[in-house]
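One structure below.
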Amino acid sequence: MLFSSKAKVAVAESQYVPNRLGLPRNSTIRNVSEFFIYGSKRGEDDCPERILQIFQVHHAKLISASVFPGNEPTSEFVLDCVLDTAKMDCQMDDLLILIRKLRFIKRAEKIKMSGRTFSNYLFPLLVSNNRRAVILDAETLLAVESSLKSLDEDQAKAVKSMLFEQGRAQGHRITEDLTSDAIPAEKQQEYMTEAIKGYLRASGWGIFGSNLDRDIYQVNINEPAAIETNGSYFAGGSYLNGLIAGLLESKAGNNVRLAVTHESYSKEKKILSLYFAKESVVESAMSAAKAEEAEAEETRETTDSILAQGELEDELEDGKPVTITGSSHTVVTTNTVTPPSSKDLGDFNVVKAVLNTAKTGALRVTLMNAAKITLSEANQYIQNLMKADLIEARRVPGSDSFTYQTTSKGLDYLDVHEKLSHMLDEDYPDTRILRDAEIRSK
């Protein structure tokens with residue numbers, strides 16, 4: 001097959017290219033040298049371009065060049081060049097002497113690279129208002145935080161909190177460095193937004209975008225640092241979350257403190273989405289969630305404890321009459337009636353009465369009264385309904401008694417049977433009732 005009929009899918013090119021620190025491996029072994037020039041601008045012609053012209057005239061091929069302000073940003077400059085000198089028409093020492101003779105040059109040096117891929121002269125690394133910086137592999141930072149899974153929950157939470165707070169503090173410092181008094185007040189917000197985006201992009205964190213909707217900040221980071229461990233992806237991390245929180249807080253003012261409400265990462269689109277809200281709001285929501293979780297856990301434990309006992313313990317002695325008094329009836333029964341089996345919920349009318357009564361929580365005697373059943377029958381019905389997750393038990397505070405509450409599954413059960421009843425225009429019986437009716441007819 002010479003040609004494929006499958007159309008090629010166009011891949012959108014990014015408007016950005018990587019900012020590479022250092023040169024490719026094995027690219028500087030032969031005929032490559034670094035020239036370092038420090039100059040002082042005394043006139044219009046005192047500029048780095050004159051040095052570059054000298055290199056070009058003498059056939060020194062430029063591999064890389066860095067130009068940035070010196071110690072006096074308005075009057076001094078630094079030019080650091082890596083050159084291929086194989087086709088130069090003069091010796092490197094002669095070229096260096098020629099550069100040093102220029103009146104605006106304060107310092108000029110050279111060194112053979114001999115396989116080195118990083119500058120021999122540029123140190124230390126400074127960013128944002130001369131703050132000392134170091135470069136750390138992004139995967140290393142994320143791997144450190146990912147490894148916190150090996151700690152217990154409280155220890156991991158404490159470390160993540162410290163990383164977040166350090167990021168927050170850095171966000172505030174960066175904002176101070178980026179603030180400019182030369183920008184008109186009406187344009188400060190726009191300027192700071194672009195300055196923050198530029199910082200996050202230049203420092204390698206990602207391409208930043210944000211919007212504010214009803215006190216919720218949504219922040220999207222395109223192409224953030226991310227790692228894959230055991231099939232799952234981890235992007236951003238607590239330090240980045242804190243960094244963005246600090247940047248947003250400083251931009252918003254009013255001493256607001258933000259916290260992450262939730263986050264998500266799309267590995268296909270390479271987008272990390274972060275949502276921030278006021279710290280007080282997040283803490284309140286977390287407290288409510290913890291209280292709800294604790295209540296649910298207590299309910300599960302209570303239910304499991306009751307189910308583990310097998311048949312519920314009767315509060316009254318077997319065989320003795322039980323009197324159930326309601327608002328319009330009195331029923332006297334004994335515990336000799338055969339209860340429903342463990343494989344059958346039982347009479348639907350009884351199940352319906354129990355579930356309806358337990359919607360708002362009810363004691364066992366209340367369920368017996370509503371369904372007109374004996375204690376033994378009530379025990380079996382409760383046991384079966386709990387096993388089916390249609391009701392749950394909750395301990396009454398300060399006592400050994402329990403109330404029984406219809407679960408969401410139980411409410412769905414009632415709703416389904418109600419709909420079926422309307423369809424059949426009569427109460428929908430369960431299979432046991434049909435089976436019993438068939439036996440009696442025989």
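Within each chain, counting starts at residue 1; across the structure tokens, chains are named A, B, ... in the order shown, with ligands numbered 1 upward in that order.
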
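Assigned to alpha helix (DSSP H) in segment 105-165 of chain A, given DSSP computed from backbone atoms, are Ala138, Glu139, Thr140, Leu141, Leu142, Ala143, Val144, Glu145, Ser146, Glu153, Asp154, Gln155, Ala156, Lys157, Ala158, Val159, Lys160, Ser161, Met162, Leu163, Phe164 and Glu165 of chain A.
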
Only C-alpha atoms, please: the residues just picked out, written as a tab-separated table (two decimals), in the first residue's frame.
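Saved as part.tsv:
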```
chain	number	residue	atom	x	y	z
A	138	ALA	CA	9.61	19.42	39.03
A	139	GLU	CA	9.15	15.65	39.24
A	140	THR	CA	11.36	15.55	42.34
A	141	LEU	CA	9.20	18.09	44.15
A	142	LEU	CA	6.01	16.27	43.26
A	143	ALA	CA	7.53	12.89	44.13
A	144	VAL	CA	8.40	14.20	47.61
A	145	GLU	CA	4.80	15.20	48.25
A	146	SER	CA	3.44	12.03	46.68
A	153	GLU	CA	-2.88	10.93	57.87
A	154	ASP	CA	-2.08	13.58	60.49
A	155	GLN	CA	1.63	13.71	59.64
A	156	ALA	CA	0.94	13.95	55.90
A	157	LYS	CA	-1.62	16.69	56.49
A	158	ALA	CA	0.86	18.67	58.62
A	159	VAL	CA	3.58	18.50	55.93
A	160	LYS	CA	1.15	19.50	53.17
A	161	SER	CA	-0.02	22.41	55.31
A	162	MET	CA	3.58	23.60	55.76
A	163	LEU	CA	4.18	23.38	51.99
A	164	PHE	CA	0.99	25.35	51.36
A	165	GLU	CA	1.97	28.08	53.84
```

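Residues with any atom within 10 Å of Val350 of chain A, counting only C-alpha atoms and excluding same-chain neighbours fewer than 6 positions away, are A:Asn356, A:Leu367, A:Met368, A:Ala370, A:Ala371, A:Lys372, A:Ile373, A:Glu377, A:Ala378, A:Tyr381.
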
(Q) At a cut-off of 10 Å, using only C-alpha atoms, what residues contact Arg25 of chain A? Leave out same-chain residues fewer than 5 positions from it and give the result as a PyMOL selection string. (A) chain A and resi 115-117

Q: Find, counting only C-alpha atoms, the residue in A:Asp84, A:Gly237, A:Gly231, A:Glu186 that gets nearest to Leu148 of chain A.
A: A:Gly237

Q) Got a sec to tell me which of segment 16-196 of chain A DSSP assigns to strand (DSSP E), as a ChimeraX atom specification? A) /A:32-40,61-69,76-84,105-112,125-127,131-133

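The list of residues with at least one atom within 12 Å of Ile111 of chain A, based on only C-alpha atoms and without residues fewer than 2 positions apart in the same chain, reads A:Thr28, A:Asn31, A:Val32, A:Ser33, A:Glu34, A:Phe35, A:Phe36, A:Asp80, A:Cys81, A:Val82, A:Leu83, A:Thr85, A:Met92, A:Asp93, A:Leu96, A:Ala108, A:Glu109, A:Met113, A:Ser114, A:Gly115, A:Arg116, A:Phe118, A:Ser119, A:Asn120, A:Tyr121.
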
Q: Could you please determine the separation between atom CA of Pro48 of chain A and atom CA of Phe77 of chain A in Å, to one decimal place?
A: 7.7 Å

Which residues of segment 141-258 of chain A sit at most 9 Å from segment 268-273 of chain A, using only C-alpha atoms? Give each one's shortest atom pair and distance in Å (one decimal place), in chain and ascending residue order, as a tab-separated table.
```
residue	atom	partner	partner_atom	distance
A:Gln218	CA	A:Ser273	CA	7.1
A:Val219	CA	A:Ser273	CA	5.7
A:Asn220	CA	A:Ser273	CA	4.6
A:Ile221	CA	A:Leu272	CA	5.0
A:Asn222	CA	A:Ile271	CA	4.6
A:Glu223	CA	A:Lys270	CA	5.1
A:Pro224	CA	A:Leu272	CA	6.8
A:Ala226	CA	A:Lys270	CA	8.8
A:Ala235	CA	A:Leu272	CA	7.0
A:Gly236	CA	A:Leu272	CA	7.3
```

Could you write out that same residue set with all heavy atoms as a tab-separated table (two decimals), in the first residue's frame?
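Saved result, part-v1.tsv, follows:
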```tsv
chain	number	residue	atom	x	y	z
A	218	GLN	N	-11.71	30.46	40.32
A	218	GLN	CA	-11.36	29.29	39.52
A	218	GLN	C	-10.06	29.59	38.79
A	218	GLN	O	-9.94	30.58	38.09
A	218	GLN	CB	-12.44	28.96	38.50
A	218	GLN	CG	-12.07	27.76	37.63
A	218	GLN	CD	-13.08	27.46	36.55
A	218	GLN	OE1	-14.15	28.06	36.52
A	218	GLN	NE2	-12.76	26.56	35.65
A	219	VAL	N	-9.07	28.73	39.00
A	219	VAL	CA	-7.76	28.92	38.40
A	219	VAL	C	-7.43	27.71	37.55
A	219	VAL	O	-7.50	26.57	38.03
A	219	VAL	CB	-6.67	29.11	39.49
A	219	VAL	CG1	-5.30	29.23	38.85
A	219	VAL	CG2	-6.98	30.34	40.33
A	220	ASN	N	-7.13	27.94	36.28
A	220	ASN	CA	-6.71	26.87	35.38
A	220	ASN	C	-5.23	27.04	35.07
A	220	ASN	O	-4.78	28.11	34.70
A	220	ASN	CB	-7.51	26.90	34.08
A	220	ASN	CG	-8.96	26.48	34.28
A	220	ASN	OD1	-9.26	25.66	35.14
A	220	ASN	ND2	-9.85	27.06	33.51
A	221	ILE	N	-4.48	25.95	35.25
A	221	ILE	CA	-3.05	25.95	34.94
A	221	ILE	C	-2.84	24.98	33.78
A	221	ILE	O	-3.02	23.77	33.92
A	221	ILE	CB	-2.20	25.51	36.14
A	221	ILE	CG1	-2.51	26.38	37.36
A	221	ILE	CG2	-0.72	25.57	35.80
A	221	ILE	CD1	-2.09	27.81	37.23
A	222	ASN	N	-2.49	25.52	32.62
A	222	ASN	CA	-2.18	24.68	31.47
A	222	ASN	C	-0.75	24.16	31.57
A	222	ASN	O	0.17	24.92	31.89
A	222	ASN	CB	-2.33	25.47	30.16
A	222	ASN	CG	-3.78	25.77	29.84
A	222	ASN	OD1	-4.63	24.90	29.95
A	222	ASN	ND2	-4.06	27.00	29.48
A	223	GLU	N	-0.58	22.88	31.28
A	223	GLU	CA	0.72	22.23	31.28
A	223	GLU	C	1.48	22.41	32.60
A	223	GLU	O	2.62	22.85	32.61
A	223	GLU	CB	1.56	22.71	30.10
A	223	GLU	CG	0.93	22.41	28.75
A	223	GLU	CD	1.87	22.64	27.59
A	223	GLU	OE1	3.08	22.43	27.77
A	223	GLU	OE2	1.39	23.03	26.52
A	224	PRO	N	0.85	22.07	33.72
A	224	PRO	CA	1.57	22.13	35.00
A	224	PRO	C	2.53	20.95	35.12
A	224	PRO	O	2.44	19.98	34.35
A	224	PRO	CB	0.44	22.02	36.03
A	224	PRO	CG	-0.56	21.12	35.34
A	224	PRO	CD	-0.50	21.51	33.88
A	226	ALA	N	3.62	17.52	36.37
A	226	ALA	CA	2.79	16.38	36.77
A	226	ALA	C	3.61	15.10	36.71
A	226	ALA	O	4.55	15.00	35.91
A	226	ALA	CB	1.55	16.27	35.87
A	235	ALA	N	-0.61	16.34	39.95
A	235	ALA	CA	-0.16	17.59	39.34
A	235	ALA	C	-0.24	18.73	40.35
A	235	ALA	O	-1.07	18.73	41.26
A	235	ALA	CB	-1.03	17.92	38.13
A	236	GLY	N	0.65	19.71	40.14
A	236	GLY	CA	0.60	20.91	40.96
A	236	GLY	C	1.25	20.73	42.31
A	236	GLY	O	2.43	21.01	42.49
```

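From atom CA of Ser287 of chain A back to atom CA of Leu390 of chain A, the distance works out to 27.9 Å.
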
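Minimum atom-to-atom distances from A:His172, A:Leu345, A:Ser232, A:Val365 to Asp389 of chain A were compared using only C-alpha atoms, and the lowest value belongs to A:Leu345.
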
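What separates atom CA of Thr261 of chain A from atom CA of Glu293 of chain A is a distance of 17.4 Å.
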
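Distance annotation: of A:Val67, A:Phe234, A:Lys267, A:Ile51, the residue with the minimal separation from Lys101 of chain A is A:Ile51; atom set is only C-alpha atoms.
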
**Q.** Spatial neighbours of Glu49 of chain A, max dist 12 Å, only C-alpha atoms, sep filter under 6 positions, as a ChimeraX atom specification
**A.** /A:37,39,41,55-56,65-67,77-79

Expected file contents, prior selection, C-alpha atoms, as a PDB file, in the first residue's frame:
```pdb
ATOM      1  CA  ILE A  37      31.465  40.668  28.783  1.00  0.00           C
ATOM      2  CA  GLY A  39      29.836  46.705  29.990  1.00  0.00           C
ATOM      3  CA  LYS A  41      26.622  52.313  28.818  1.00  0.00           C
ATOM      4  CA  PHE A  55      31.855  38.266  16.571  1.00  0.00           C
ATOM      5  CA  GLN A  56      30.070  38.300  13.222  1.00  0.00           C
ATOM      6  CA  ALA A  65      23.589  34.477  23.900  1.00  0.00           C
ATOM      7  CA  SER A  66      22.195  35.991  27.099  1.00  0.00           C
ATOM      8  CA  VAL A  67      21.875  39.742  27.664  1.00  0.00           C
ATOM      9  CA  PHE A  77      24.784  45.185  31.030  1.00  0.00           C
ATOM     10  CA  VAL A  78      25.997  41.587  30.945  1.00  0.00           C
ATOM     11  CA  LEU A  79      26.557  39.688  27.708  1.00  0.00           C
TER      12      LEU A  79
END
```

Q: Name all residues at most 12 Å from Ile216 of chain A (count only C-alpha atoms; drop same-chain ones fewer than 3 positions away) and give them as a VMD selection string.
A: chain A and resid 210 to 213 219 245 248 258 to 262 274 to 279 281 to 282

C-alpha atoms of the current selection, written as a short mmCIF file (atom, residue, chain, number, x, y, z; two decimals), in the first residue's frame:
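Heads up, here's the output in out_14.cif:
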```cif
data_model
loop_
_atom_site.label_atom_id
_atom_site.label_comp_id
_atom_site.auth_asym_id
_atom_site.auth_seq_id
_atom_site.Cartn_x
_atom_site.Cartn_y
_atom_site.Cartn_z
CA SER A 210 -8.34 32.69 36.42
CA ASN A 211 -11.78 34.16 36.99
CA LEU A 212 -13.87 35.13 40.02
CA ASP A 213 -17.48 33.98 40.32
CA VAL A 219 -7.76 28.92 38.40
CA ALA A 245 -3.43 31.46 46.98
CA LEU A 248 -4.61 35.89 44.60
CA LEU A 258 -7.99 31.70 50.65
CA ALA A 259 -8.04 27.91 50.78
CA VAL A 260 -8.55 25.24 48.13
CA THR A 261 -12.08 23.86 47.99
CA HIS A 262 -11.33 21.19 45.39
CA LEU A 274 -8.09 24.74 41.20
CA TYR A 275 -10.98 26.32 43.12
CA PHE A 276 -10.37 28.74 45.99
CA ALA A 277 -12.74 30.31 48.50
CA LYS A 278 -12.31 32.26 51.72
CA GLU A 279 -10.54 30.15 54.30
CA VAL A 281 -15.92 29.36 54.42
CA VAL A 282 -13.82 26.31 53.55
#
```
